[in-house]
Amino acid sequence: MTDRPDPMKGKRRSSQWYGKIDKDGYAHRSWMKNQGFPAEVFDGRPIIGIANTFSEFNPCHGHFRKICEHVKRGVWEAGGFPLEFPVFSNSESQLRPTSMLYRNLASMDVEEAIRGLPMDGVVLLVGCDKTTPALLMGASSCDLPTICVSGGPMLNGYYKGEKIGSGTHVWKFSEAVRAGEMSIEAFMSAEQDNHRSAGHCMTMGTASTMASMVESLGVSLPANAGIPAVDSRRYVLAHMSGKRIVDMVIEDLRLSKILTKDAFENAMVTNGAIGGSTNAVIHLQAIAGRLGVDIGLDDWDRLGKDMPCLVNLMPSGEHLMEDFYYAGGLPAVLREIGDSLHKDAITANGKTIWENVKDAECYNRDVIFPLKEPFKPNGGIAVLRGNITPDGAILKPSAATPELMVHTGRAVVFEDIDDYKARIDDEDLDIDETCIMVLKNCGPIGYPGMAEVGNMGLPPKVLRKGITDMIRISDARMSGTAYGTVILHGAPEAAAGGPLSLVQSGDMIEVDVPNRRLHLDVSDAELEKRRATRAAFKSPYDRGYSKLYVETVNQADKGADLDFLVGNSGTPLMRESH
Ligand code: FES
Ligand code: MG
């Protein structure tokens, strides 16, 4: 235990449970003592809740019991009292119809647990895509001192001596099979080689992106994003985070003091530099919404526009997160882009972001490129607007084909994902590589949960020509591990009555990324006529959480949070339970 002064000892919210000399205090302490905790731990020391998203159904978090034990060691060492609690675990690879549907549910779970339980500070154990935003959203609505510990990426995948990445090679191999270049047997034989240790996806997909967002927002210790899940240094980071959260409680360093507009701007710039996932857009919007920080799609475009991509990782490049960590990790990237950061933004360790990274070294320039000679010229997010998506749609230029940035093509429309799956392999489908594929009803309400289906695979007859990219437009998301000229998050979505619902096969669509324009060449009068005869979307989800979700979810440009969850209510003490 450290001997630094703690003037608030015994006066924090946890003492409203454990410091009471009456029937209620007796009950709160006595039941806890059945776990073997001695009387002295109820002496008013900071109580640290550890939100654990361990689940055997979430393979990315298979090692979270061990991570949690190391966090607890750090908390004990610093004189706190750690108590672990479970939070719904969004498993990107196992949960149907999409883990995004349950991001907001998990955020409610952690929010109510933080508010209702006797804790003074929180450690969020996160990793798999949606877990990071879900827990940060919920914690932001409570605003206690909070630190994130990411689970870390898996070891690199290798197949026949070649690096293969999470997600990226699922898409690559499956397209190779559909093009007749790979046998289905060879594809299936790569399974065991792709994911071979605990940890989250090791491409620069959504999980690695969100871990980098956490680090650039300042709500984790430095190096959080890169350390592989099974590296001993990941456990050291967990230990040190446990130690640090106790001091954060004593310093009253709350989330709202770290997650300022400057911090979000730092994260948006960082997303450009790492060539991060498009999913970061929707998640950061949702987190900011809980804190009342005003960021919008135009901030993403403005801050990302001039930021090149420095990081040569799949899906935009060739390496993986293990290589990224050995090359210096996110601190090396943040040092490169220092002049674009708000250098004095405060972070979880009490230092500014610049103090944390100003001496960071890069050990491999084939993985992390210098700002002067970047890996790709544009890393940020482009926001396209026009009469199809008046509230915006997004594209990741670093993962797209430069020749398709300005293109006019004939729309081939799929009314929903079932329609797409039923027709895409049909040799008689009237489509070629100059066409623009349009997918409807895959947004927050339509799917529901805005699944990662926007990077729809190309028709086999196009693939057989050796063509690997076409423009695709939808109200869906795509996996952060995916690539291509894919225009996503179209808002308002088709199921909410957005103009995307009016597009018909044969319409011409103009895509002009440099001018941020997405235009349907159909007259307003014709669109009005189509609107009048269009059948309204009816969700089949009529009970339970899914019903609540489709009835209250905000559109993608607002972060797809539930409308009644936006904002925060802190941690007021609630009534005693008996
Ligand atoms: Fe969990 Fe990709 S499936 S991070
Ligand atoms: Mg994903």
# chains A, B, ... in the order shown; residues from 1 in each chain; ligands from 1

$ closest_atom_pairs --of "chain A" --to "ligand 2" --cutoff "7 Å" --atoms "only C-alpha atoms and all ligand atoms" --output "tab-separated table"
residue	atom	partner	partner_atom_place_in_ligand_line	distance
A:Glu92	CA	ligand 2	1 (Mg)	6.0
A:Asp129	CA	ligand 2	1 (Mg)	5.7
A:Gly205	CA	ligand 2	1 (Mg)	6.1
A:Thr206	CA	ligand 2	1 (Mg)	5.3
A:Ala207	CA	ligand 2	1 (Mg)	6.8
A:Ser479	CA	ligand 2	1 (Mg)	4.3
A:Gly480	CA	ligand 2	1 (Mg)	5.4
A:Thr481	CA	ligand 2	1 (Mg)	6.4

$ write_last_selection --atoms "C-alpha atoms" --output "short mmCIF file (atom, residue, chain, number, x, y, z; two decimals), in the first residue's frame"
data_model
loop_
_atom_site.label_atom_id
_atom_site.label_comp_id
_atom_site.auth_asym_id
_atom_site.auth_seq_id
_atom_site.Cartn_x
_atom_site.Cartn_y
_atom_site.Cartn_z
CA GLU A 92 -18.51 -10.14 -32.72
CA ASP A 129 -15.34 -4.69 -31.18
CA GLY A 205 -10.15 -3.83 -37.56
CA THR A 206 -12.66 -2.38 -35.16
CA ALA A 207 -11.19 -3.96 -32.03
CA SER A 479 -16.24 -4.97 -40.53
CA GLY A 480 -13.15 -2.93 -39.72
CA THR A 481 -11.20 -5.81 -41.22
#

$ residues_near_ligand --ligand "ligand 1" --cutoff "10 Å" --atoms "only C-alpha atoms and all ligand atoms" --output "PyMOL selection string"
chain A and resi 58-61+90-95+99+126-131+151-154+166-167+195+199-210+479-481

$ write_last_selection --atoms "N, CA and C atoms" --output "compact mmCIF listing (two decimals), in the first residue's frame"
# COMPACT_ATOMS: atom_id res chain seq x y z
N ASN A 58 -17.30 -15.55 -26.03
CA ASN A 58 -16.56 -14.45 -26.65
C ASN A 58 -15.07 -14.81 -26.64
N PRO A 59 -14.61 -15.53 -27.68
CA PRO A 59 -13.24 -16.04 -27.67
C PRO A 59 -12.19 -14.93 -27.57
N CYS A 60 -12.54 -13.72 -27.97
CA CYS A 60 -11.59 -12.61 -27.87
C CYS A 60 -11.27 -12.28 -26.41
N HIS A 61 -12.14 -12.74 -25.50
CA HIS A 61 -11.98 -12.42 -24.08
C HIS A 61 -11.70 -13.67 -23.25
N ASN A 90 -20.34 -8.71 -25.70
CA ASN A 90 -20.71 -8.70 -27.13
C ASN A 90 -19.65 -9.44 -27.94
N SER A 91 -20.00 -10.60 -28.42
CA SER A 91 -19.05 -11.38 -29.20
C SER A 91 -19.29 -11.17 -30.68
N GLU A 92 -18.35 -10.47 -31.30
CA GLU A 92 -18.51 -10.14 -32.72
C GLU A 92 -18.61 -11.40 -33.58
N SER A 93 -17.90 -12.44 -33.19
CA SER A 93 -17.82 -13.62 -34.06
C SER A 93 -18.93 -14.63 -33.80
N GLN A 94 -19.69 -14.48 -32.72
CA GLN A 94 -20.66 -15.53 -32.38
C GLN A 94 -22.11 -15.03 -32.30
N LEU A 95 -22.30 -13.77 -32.06
CA LEU A 95 -23.63 -13.27 -31.68
C LEU A 95 -24.44 -12.86 -32.90
N SER A 99 -23.56 -8.20 -33.23
CA SER A 99 -23.25 -7.75 -31.86
C SER A 99 -23.58 -6.27 -31.68
N VAL A 126 -12.12 -4.55 -21.77
CA VAL A 126 -12.76 -4.49 -23.08
C VAL A 126 -11.85 -5.10 -24.15
N GLY A 127 -12.37 -5.33 -25.31
CA GLY A 127 -11.53 -5.89 -26.37
C GLY A 127 -12.30 -6.06 -27.66
N CYS A 128 -13.14 -7.10 -27.71
CA CYS A 128 -13.89 -7.39 -28.92
C CYS A 128 -14.72 -6.15 -29.29
N ASP A 129 -14.82 -5.94 -30.60
CA ASP A 129 -15.34 -4.69 -31.18
C ASP A 129 -16.28 -3.84 -30.31
N LYS A 130 -17.46 -4.36 -30.07
CA LYS A 130 -18.51 -3.53 -29.47
C LYS A 130 -18.35 -3.36 -27.97
N THR A 131 -17.51 -4.20 -27.36
CA THR A 131 -17.37 -4.12 -25.91
C THR A 131 -16.76 -2.79 -25.50
N GLY A 151 -8.01 -6.06 -23.94
CA GLY A 151 -7.49 -7.43 -23.82
C GLY A 151 -6.30 -7.70 -24.71
N GLY A 152 -6.09 -6.83 -25.71
CA GLY A 152 -4.94 -7.00 -26.60
C GLY A 152 -5.25 -7.91 -27.77
N PRO A 153 -4.50 -7.69 -28.86
CA PRO A 153 -4.72 -8.48 -30.08
C PRO A 153 -4.15 -9.89 -29.98
N MET A 154 -4.76 -10.79 -30.76
CA MET A 154 -4.22 -12.15 -30.92
C MET A 154 -2.85 -12.10 -31.58
N SER A 166 -7.25 -11.58 -39.18
CA SER A 166 -8.65 -11.75 -38.77
C SER A 166 -9.55 -11.02 -39.74
N GLY A 167 -10.59 -11.67 -40.15
CA GLY A 167 -11.57 -11.02 -41.02
C GLY A 167 -11.04 -10.84 -42.42
N HIS A 195 -6.66 -17.96 -36.27
CA HIS A 195 -6.84 -17.44 -34.91
C HIS A 195 -6.24 -18.42 -33.93
N GLY A 199 -7.24 -13.26 -27.42
CA GLY A 199 -7.11 -11.88 -27.87
C GLY A 199 -8.15 -11.54 -28.92
N HIS A 200 -8.19 -10.23 -29.24
CA HIS A 200 -9.15 -9.77 -30.24
C HIS A 200 -8.51 -9.79 -31.62
N CYS A 201 -9.29 -9.50 -32.65
CA CYS A 201 -8.80 -9.53 -34.03
C CYS A 201 -7.51 -8.72 -34.16
N MET A 202 -6.54 -9.29 -34.90
CA MET A 202 -5.21 -8.70 -34.92
C MET A 202 -4.93 -7.89 -36.18
N THR A 203 -5.95 -7.68 -36.99
CA THR A 203 -5.85 -6.69 -38.06
C THR A 203 -6.16 -5.31 -37.46
N MET A 204 -6.01 -4.25 -38.26
CA MET A 204 -6.47 -2.94 -37.80
C MET A 204 -7.99 -2.86 -38.07
N GLY A 205 -8.70 -3.81 -37.47
CA GLY A 205 -10.15 -3.83 -37.56
C GLY A 205 -10.74 -2.98 -36.44
N THR A 206 -11.98 -3.24 -36.14
CA THR A 206 -12.66 -2.38 -35.16
C THR A 206 -12.07 -2.54 -33.77
N ALA A 207 -11.70 -3.77 -33.38
CA ALA A 207 -11.19 -3.96 -32.03
C ALA A 207 -9.87 -3.22 -31.84
N SER A 208 -8.93 -3.39 -32.78
CA SER A 208 -7.64 -2.70 -32.66
C SER A 208 -7.84 -1.20 -32.80
N THR A 209 -8.77 -0.80 -33.65
CA THR A 209 -9.06 0.63 -33.80
C THR A 209 -9.60 1.20 -32.49
N MET A 210 -10.56 0.49 -31.89
CA MET A 210 -11.15 1.04 -30.66
C MET A 210 -10.15 1.03 -29.51
N SER A 479 -17.26 -4.59 -41.48
CA SER A 479 -16.24 -4.97 -40.53
C SER A 479 -15.02 -4.07 -40.72
N GLY A 480 -14.38 -3.71 -39.62
CA GLY A 480 -13.15 -2.93 -39.72
C GLY A 480 -12.05 -3.69 -40.41
N THR A 481 -12.22 -5.00 -40.56
CA THR A 481 -11.20 -5.81 -41.22
C THR A 481 -11.43 -5.87 -42.73

$ atom_distance --atom1 "CA of Met100 in chain A" --atom2 "CA of Leu320 in chain A"
24.2 Å

$ select_by_dssp --residues "range 303-395 of chain A" --states "strand (DSSP E or B)" --output "list in words"
Cys309, Val311, Leu313, His319, Ile346, Thr352, Ile368, Lys376, Ala382, Val383, Leu384, Arg385, Ala393, Ile394 and Leu395 of chain A

$ write_last_selection --atoms "N, CA and C atoms" --output "mmCIF file, in the first residue's frame"
data_model
loop_
_atom_site.group_PDB
_atom_site.id
_atom_site.type_symbol
_atom_site.label_atom_id
_atom_site.label_comp_id
_atom_site.auth_asym_id
_atom_site.auth_seq_id
_atom_site.Cartn_x
_atom_site.Cartn_y
_atom_site.Cartn_z
ATOM 1 N N CYS A 309 -2.382 8.043 -43.838
ATOM 2 C CA CYS A 309 -2.306 6.776 -43.093
ATOM 3 C C CYS A 309 -0.828 6.391 -42.960
ATOM 4 N N VAL A 311 0.200 3.656 -41.053
ATOM 5 C CA VAL A 311 0.329 2.309 -40.517
ATOM 6 C C VAL A 311 0.023 1.267 -41.594
ATOM 7 N N LEU A 313 -0.907 -1.866 -41.924
ATOM 8 C CA LEU A 313 -1.551 -3.054 -41.358
ATOM 9 C C LEU A 313 -2.748 -3.438 -42.200
ATOM 10 N N HIS A 319 0.776 -5.856 -42.701
ATOM 11 C CA HIS A 319 1.197 -6.420 -41.412
ATOM 12 C C HIS A 319 0.032 -6.545 -40.441
ATOM 13 N N ILE A 346 -5.300 15.847 -21.175
ATOM 14 C CA ILE A 346 -4.870 15.061 -20.010
ATOM 15 C C ILE A 346 -5.275 13.591 -20.209
ATOM 16 N N THR A 352 -0.063 14.621 -19.771
ATOM 17 C CA THR A 352 -0.690 14.961 -21.041
ATOM 18 C C THR A 352 -0.316 13.908 -22.074
ATOM 19 N N ILE A 368 5.350 1.267 -39.362
ATOM 20 C CA ILE A 368 4.892 2.622 -39.030
ATOM 21 C C ILE A 368 5.726 3.603 -39.857
ATOM 22 N N LYS A 376 -0.020 5.787 -46.962
ATOM 23 C CA LYS A 376 -1.033 6.166 -47.947
ATOM 24 C C LYS A 376 -1.384 7.628 -47.732
ATOM 25 N N ALA A 382 -13.998 9.912 -45.245
ATOM 26 C CA ALA A 382 -14.661 10.883 -46.110
ATOM 27 C C ALA A 382 -16.164 10.793 -45.871
ATOM 28 N N VAL A 383 -16.808 11.934 -45.705
ATOM 29 C CA VAL A 383 -18.257 11.981 -45.480
ATOM 30 C C VAL A 383 -18.923 12.473 -46.758
ATOM 31 N N LEU A 384 -19.764 11.643 -47.344
ATOM 32 C CA LEU A 384 -20.435 11.977 -48.598
ATOM 33 C C LEU A 384 -21.890 12.341 -48.314
ATOM 34 N N ARG A 385 -22.357 13.373 -49.001
ATOM 35 C CA ARG A 385 -23.762 13.758 -48.865
ATOM 36 C C ARG A 385 -24.381 13.941 -50.236
ATOM 37 N N ALA A 393 -23.064 9.760 -45.431
ATOM 38 C CA ALA A 393 -22.600 8.382 -45.567
ATOM 39 C C ALA A 393 -21.088 8.483 -45.502
ATOM 40 N N ILE A 394 -20.415 7.385 -45.159
ATOM 41 C CA ILE A 394 -18.961 7.477 -44.980
ATOM 42 C C ILE A 394 -18.232 6.460 -45.844
ATOM 43 N N LEU A 395 -16.966 6.781 -46.105
ATOM 44 C CA LEU A 395 -16.104 5.920 -46.908
ATOM 45 C C LEU A 395 -14.690 6.028 -46.330
#
